[in-house]
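File shown: input.txt. Contents: compact mmCIF, C-alpha atoms.
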```
# COMPACT_ATOMS: atom_id res chain seq x y z
CA MET B 121 -10.05 50.14 114.16
CA LYS B 122 -9.13 51.81 110.94
CA THR B 123 -9.51 49.82 107.84
CA ASN B 124 -6.68 49.42 105.37
CA ALA B 125 -8.37 51.98 103.16
CA ALA B 126 -8.44 54.49 106.03
CA LYS B 127 -4.79 53.88 106.77
CA ALA B 128 -3.93 54.44 103.15
CA SER B 129 -6.04 57.59 103.16
CA ALA B 130 -4.19 58.88 106.25
CA CYS B 131 -0.82 58.21 104.65
CA HIS B 132 -1.87 59.68 101.37
CA PRO B 133 -4.16 62.66 101.98
CA PRO B 134 -5.70 64.08 98.88
CA ALA B 135 -3.25 66.35 97.16
CA GLU B 136 -4.35 69.62 95.85
CA VAL B 137 -4.00 70.25 92.18
CA GLY B 138 -0.39 71.08 91.29
CA GLN B 139 0.99 69.68 94.56
CA ALA B 140 3.16 66.58 94.91
CA SER B 141 2.08 63.95 97.38
CA ALA B 142 3.67 64.28 100.82
CA CYS B 143 4.62 60.62 100.77
CA HIS B 144 6.26 60.73 97.34
CA ALA B 145 9.45 62.91 96.79
CA PRO B 146 9.79 64.58 93.42
CA ALA B 147 11.70 62.55 90.85
CA SER B 148 15.49 63.35 90.93
CA HIS B 149 17.36 64.51 87.82
CA PRO B 150 20.90 63.46 86.79
CA PRO B 151 23.66 66.09 87.61
CA ARG B 152 24.26 68.58 84.86
CA GLY B 153 27.85 68.66 83.43
CA PHE B 154 29.96 71.74 82.62
CA THR B 155 29.16 73.47 79.40
CA LEU B 156 31.92 74.33 76.93
CA VAL B 157 31.69 78.00 77.87
CA GLU B 158 32.13 77.19 81.57
CA LEU B 159 35.15 75.00 80.83
CA LEU B 160 36.73 77.76 78.76
CA VAL B 161 36.16 80.25 81.57
CA VAL B 162 37.84 77.93 84.10
CA ILE B 163 40.79 77.32 81.75
CA GLY B 164 41.13 81.06 81.21
CA ILE B 165 41.18 81.73 84.96
CA ILE B 166 43.84 79.04 85.48
CA GLY B 167 45.91 80.53 82.65
CA MET B 168 45.73 84.02 84.15
CA LEU B 169 46.74 82.72 87.58
CA ALA B 170 49.69 80.85 86.05
CA ALA B 171 50.76 84.00 84.18
CA ILE B 172 50.71 85.94 87.45
CA ILE B 173 52.39 83.30 89.60
CA THR B 174 55.10 82.00 87.23
CA PRO B 175 57.23 85.20 87.09
CA VAL B 176 57.01 85.51 90.87
CA VAL B 177 58.16 81.91 91.33
CA LEU B 178 61.00 82.30 88.82
CA GLN B 179 62.08 85.56 90.45
CA SER B 180 62.09 83.89 93.86
CA LEU B 181 64.14 80.95 92.54
CA THR B 182 66.64 83.33 90.91
CA LYS B 183 66.93 85.38 94.07
CA ALA B 184 67.47 82.25 96.16
CA ARG B 185 70.14 81.00 93.75
CA ASN B 186 71.90 84.38 93.75
CA SER B 187 71.74 84.49 97.54
CA ALA B 188 73.42 81.09 97.73
CA ILE B 189 76.20 82.21 95.37
CA LYS B 190 76.65 85.49 97.25
CA ALA B 191 76.89 83.57 100.54
CA GLU B 192 79.62 81.38 99.07
CA ILE B 193 81.46 84.42 97.72
CA ASP B 194 81.40 85.90 101.22
CA MET B 195 82.78 82.65 102.66
CA LEU B 196 85.57 82.63 100.05
CA HIS B 197 86.29 86.25 100.94
CA MET B 198 86.65 85.34 104.61
CA ALA B 199 88.86 82.37 103.72
CA ILE B 200 91.24 84.62 101.76
CA MET B 201 91.25 87.14 104.61
CA ASN B 202 92.18 84.30 106.97
CA TYR B 203 94.92 83.34 104.53
CA LYS B 204 96.18 86.93 104.58
CA ASN B 205 96.24 86.94 108.39
CA GLU B 206 98.06 83.60 108.45
CA TYR B 207 100.70 84.26 105.79
CA GLY B 208 101.07 88.04 105.85
CA ALA B 209 99.52 88.94 102.50
CA ALA B 210 96.69 87.99 100.20
CA PRO B 211 97.96 85.63 97.48
CA PRO B 212 98.73 86.86 93.97
CA CYS B 213 96.28 86.15 91.18
CA LEU B 214 98.67 86.09 88.26
CA ASP B 215 102.00 84.50 87.37
CA LEU B 216 102.00 83.87 83.65
CA VAL B 217 105.73 83.89 82.94
CA THR B 218 107.98 81.28 84.53
CA LEU B 219 106.49 80.19 87.87
CA SER B 220 110.01 80.52 89.18
CA GLY B 221 110.94 81.59 92.66
CA THR B 222 111.43 85.11 91.31
CA GLY B 223 107.89 85.48 89.91
CA ALA B 224 104.96 86.93 91.83
CA ALA B 225 103.79 83.53 93.09
CA GLY B 226 107.32 82.38 93.94
CA LYS B 227 108.09 85.54 95.87
CA HIS B 228 104.88 85.18 97.79
CA VAL B 229 105.69 81.59 98.83
CA LEU B 230 109.31 82.42 99.70
CA ARG B 231 108.18 85.23 101.99
CA ALA B 232 105.79 82.88 103.78
CA PHE B 233 108.30 79.98 103.86
CA PRO B 234 111.86 81.34 103.96
CA ARG B 235 113.36 77.81 104.10
CA CYS B 236 111.90 76.98 100.69
CA THR B 237 114.51 77.78 98.04
CA SER B 238 113.77 79.51 94.77
CA GLY B 239 114.63 76.44 92.70
CA SER B 240 112.56 74.18 94.92
CA ALA B 241 109.58 76.51 94.68
CA ALA B 242 109.80 76.46 90.87
CA VAL B 243 109.86 72.66 90.85
CA GLN B 244 106.87 72.47 93.19
CA PHE B 245 104.86 74.92 91.12
CA THR B 246 105.67 73.03 87.94
CA GLN B 247 104.58 69.71 89.41
CA LEU B 248 101.36 71.10 90.82
CA LEU B 249 100.36 72.94 87.66
CA SER B 250 101.71 70.68 84.92
CA SER B 251 98.28 69.14 84.32
CA LYS B 252 96.45 72.48 84.23
CA THR B 253 95.46 74.46 81.15
CA PRO B 254 97.14 76.90 81.07
CA PRO B 255 99.91 75.58 83.36
CA ASN B 256 100.20 78.71 85.46
CA ILE B 257 98.42 80.75 88.11
CA TYR B 258 95.74 83.14 86.90
CA PRO B 259 92.46 84.61 88.24
CA GLY B 260 90.47 81.52 87.25
CA ASN B 261 92.38 78.95 89.33
CA SER B 262 93.85 81.15 92.07
CA ILE B 263 91.07 80.48 94.58
CA SER B 264 91.36 76.71 94.50
CA PHE B 265 95.16 76.81 94.23
CA TRP B 266 95.92 79.02 97.22
CA LEU B 267 93.05 78.01 99.49
CA SER B 268 94.09 74.37 99.10
CA GLY B 269 96.75 75.35 101.63
CA TYR B 270 100.24 74.02 102.29
CA THR B 271 101.88 70.91 103.62
CA ASP B 272 103.57 70.66 107.02
CA ASP B 273 107.00 70.74 105.37
CA PRO B 274 108.44 74.31 105.52
CA VAL B 275 110.97 73.38 102.83
CA ALA B 276 108.39 71.94 100.45
CA PRO B 277 105.06 73.59 101.36
CA LEU B 278 103.63 73.02 97.88
CA TRP B 279 104.88 69.51 97.36
CA PRO B 280 102.11 67.28 96.01
CA GLY B 281 100.49 65.51 98.91
CA ALA B 282 98.41 66.32 101.94
CA ARG B 283 97.82 70.06 102.07
CA LYS B 284 95.88 71.68 104.89
CA LYS B 285 92.94 73.39 103.20
CA LEU B 286 91.81 76.84 104.22
CA TYR B 287 88.42 76.25 102.61
CA ASP B 288 86.25 73.17 102.41
CA PHE B 289 85.81 72.92 98.65
CA ASP B 290 83.07 70.83 97.11
CA LEU B 291 85.45 68.78 94.96
CA ALA B 292 82.67 67.96 92.52
CA ARG B 293 82.70 71.64 91.59
CA VAL B 294 86.46 71.94 91.07
CA THR B 295 87.43 71.26 87.46
CA SER B 296 90.59 69.46 86.37
CA ASP B 297 92.05 72.89 85.55
CA GLY B 298 91.43 74.19 89.05
CA LEU B 299 88.36 76.32 88.34
CA TYR B 300 85.82 76.45 91.16
CA HIS B 301 82.27 77.21 90.09
CA PRO B 302 78.89 77.62 91.83
CA SER B 303 76.55 74.66 91.94
CA GLY B 304 74.84 74.18 88.59
CA LYS B 305 76.89 76.92 86.87
CA PRO B 306 79.92 75.22 85.28
CA ASN B 307 80.54 78.04 82.79
CA SER B 308 80.92 80.85 85.35
CA PRO B 309 83.70 80.04 87.85
CA TYR B 310 84.65 82.30 90.72
CA ILE B 311 87.33 84.79 89.64
CA TYR B 312 89.91 86.18 92.06
CA ILE B 313 91.76 89.44 91.29
CA ARG B 314 94.06 90.95 93.87
CA SER B 315 94.46 94.71 93.81
CA GLY B 316 97.81 96.10 92.70
CA THR B 317 99.42 98.69 90.49
CA ALA B 318 100.44 96.80 87.35
CA ALA B 319 99.87 93.48 85.65
CA SER B 320 103.63 92.85 85.72
CA GLY B 321 103.42 92.83 89.50
CA GLY B 322 101.35 89.68 89.31
CA TYR B 323 98.23 91.10 90.90
CA GLY B 324 96.15 92.54 88.09
CA ALA B 325 95.92 96.15 87.01
CA ILE B 326 93.90 99.01 88.42
CA GLY B 327 91.78 100.76 85.84
CA GLY B 328 90.74 97.70 83.90
CA VAL B 329 94.02 97.58 81.98
CA ALA B 330 94.51 93.88 82.60
CA THR B 331 91.99 91.41 81.25
CA TYR B 332 91.81 87.66 81.78
CA ASN B 333 90.21 85.10 79.51
CA VAL B 334 88.47 82.34 81.46
CA GLU B 335 86.12 79.82 79.87
CA GLY B 336 85.92 81.98 76.75
CA GLN B 337 84.97 85.13 78.65
CA THR B 338 87.01 88.22 79.42
CA TYR B 339 87.24 89.40 83.01
CA SER B 340 88.85 92.59 84.24
CA PRO B 341 89.10 94.44 87.57
CA GLN B 342 85.86 96.25 88.30
CA ILE B 343 85.85 100.03 88.50
CA GLN B 344 83.54 102.37 90.39
CA VAL B 345 82.81 106.00 89.63
CA THR B 346 83.49 108.34 92.54
CA ALA B 347 83.34 112.08 93.10
CA SER B 348 87.04 112.33 92.27
CA GLY B 349 86.95 110.07 89.21
CA THR B 350 87.20 106.31 89.06
CA SER B 351 88.73 103.80 91.43
CA PHE B 352 89.17 100.08 91.91
CA PHE B 353 86.56 98.31 94.05
CA ASN B 354 88.33 96.96 97.17
CA PRO B 355 91.52 98.91 96.34
CA ASP B 356 93.45 97.53 99.32
CA THR B 357 92.40 93.90 99.13
CA PHE B 358 90.95 91.86 96.25
CA GLN B 359 87.90 91.20 94.14
CA ILE B 360 85.94 87.96 93.78
CA LEU B 361 83.68 87.96 90.73
CA CYS B 362 81.09 85.59 89.34
CA ALA B 363 78.86 85.82 86.27
CA GLY B 364 75.19 85.75 87.12
CA ARG B 365 72.25 83.59 86.09
CA ASP B 366 72.99 83.91 82.35
CA GLU B 367 76.61 82.84 82.98
CA VAL B 368 77.86 85.78 80.90
CA PHE B 369 80.18 88.19 82.69
CA GLY B 370 79.57 91.92 82.35
CA ASN B 371 75.77 91.87 82.68
CA GLU B 372 73.41 93.21 85.33
CA ASP B 373 73.18 89.94 87.26
CA ASP B 374 76.93 89.65 88.03
CA LEU B 375 77.85 89.01 91.67
CA SER B 376 80.90 89.97 93.70
CA ASN B 377 82.33 90.39 97.17
CA PHE B 378 81.86 94.17 97.08
CA TRP B 379 78.31 94.57 95.74
CA PRO B 380 75.64 93.79 98.35
CA GLY B 381 73.55 92.06 95.67
CA THR B 382 73.78 91.96 91.90
CA ARG B 383 75.41 94.58 89.71
CA LYS B 384 71.92 95.86 88.82
CA GLU B 385 70.86 96.14 92.46
CA TYR B 386 74.07 98.05 93.23
CA SER B 387 73.50 100.43 90.29
CA GLU B 388 69.90 101.09 91.31
CA SER B 389 70.97 101.88 94.87
CA LYS B 390 73.33 104.66 93.77
```
Give the structure from the file, written as structure tokens.
Amino acid sequence: MKTNAAKASACHPPAEVGQASACHAPASHPPRGFTLVELLVVIGIIGMLAAIITPVVLQSLTKARNSAIKAEIDMLHMAIMNYKNEYGAAPPCLDLVTLSGTGAAGKHVLRAFPRCTSGSAAVQFTQLLSSKTPPNIYPGNSISFWLSGYTDDPVAPLWPGARKKLYDFDLARVTSDGLYHPSGKPNSPYIYIRSGTAASGGYGAIGGVATYNVEGQTYSPQIQVTASGTSFFNPDTFQILCAGRDEVFGNEDDLSNFWPGTRKEYSESK
């Protein structure tokens, strides 16, 4: 039998000089923290990544927002085309004089509803628009006014009451003056300008002659340069315009129903 001393000797064989005992692990050291230089390097890397990623994220958000607005413009375009098919013509965008049955808007309604008299049409217009500023039809409120539809009464199609809508408006985005704006963009409503030959005809003027002040901004029919000169975009139908991300009309990020993307994207594709 081995003595206790022999057992201890077997467990602890003599260690050579400079060697740790096999039965005793080296003493552990506490973990070393980051140095200031290492922290600064990490912060610098994070900053560079943020600088690279942030513009990409913002660009993606802007593109998504523009795509949503463009999709709504296209839906409004289809709604007005359905209106045209239903009532024989696209609605006028301008009646700044009397709103009588003899104005552009009155004539349009009388053609669609022959049983509605001129005097009755004037009264209906006045009642519907009396609370608006200005109290008339113009490119800023035309979309919500006409696409709100008509009643079932052929004599009083515009009488205040239940009107059959041609477009499902988000009422939270329709102002008290009848302007309809994209979500989150209250200062850039959708503008509707029907093509025509003169402002006096109630439809807007070709060539940018007519201008319309809406929410402090000036809108005019948009012109394209062609091989033969200049012409009105959508010369046989209408234009729907919307200021872009900066909510200022006339800049590169404007949207419409005739540009596939923004004004800038259209220009760069030419």
For Val275 of chain B, the nearest of the candidates B:Ile163, B:Ala232, B:Ala347, B:Cys362, counting only C-alpha atoms: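 The closest residue to Val275 of chain B is B:Ala232.
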Atom CA of Phe245 of chain B to atom CA of Leu278 of chain B, straight-line distance in Å: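 Result for atom CA of Leu278 of chain B versus atom CA of Phe245 of chain B: 7.1 Å, one decimal.
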Between atom CA of Leu299 of chain B and atom CA of Gly281 of chain B - distance in Å to one decimal: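 Separation of atom CA of Gly281 of chain B and atom CA of Leu299 of chain B: 19.4 Å.
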For Asn186 of chain B, the nearest of the candidates B:Ser351, B:Gln359, B:Gly304, B:Ser340, counting only C-alpha atoms: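 Of B:Ser351, B:Gln359, B:Gly304, B:Ser340, the one nearest Asn186 of chain B, counting only C-alpha atoms, is B:Gly304.
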Interatomic distance (Å, one decimal) between atom CA of Asp356 of chain B and atom CA of Thr331 of chain B: 19.1 Å
Option closest in space to Glu335 of chain B, from B:Ala363, B:Leu375, B:Ala199, B:Leu249 [counting all atoms listed in the file]: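 Among B:Ala363, B:Leu375, B:Ala199, B:Leu249, it is B:Ala363 that comes nearest to Glu335 of chain B.
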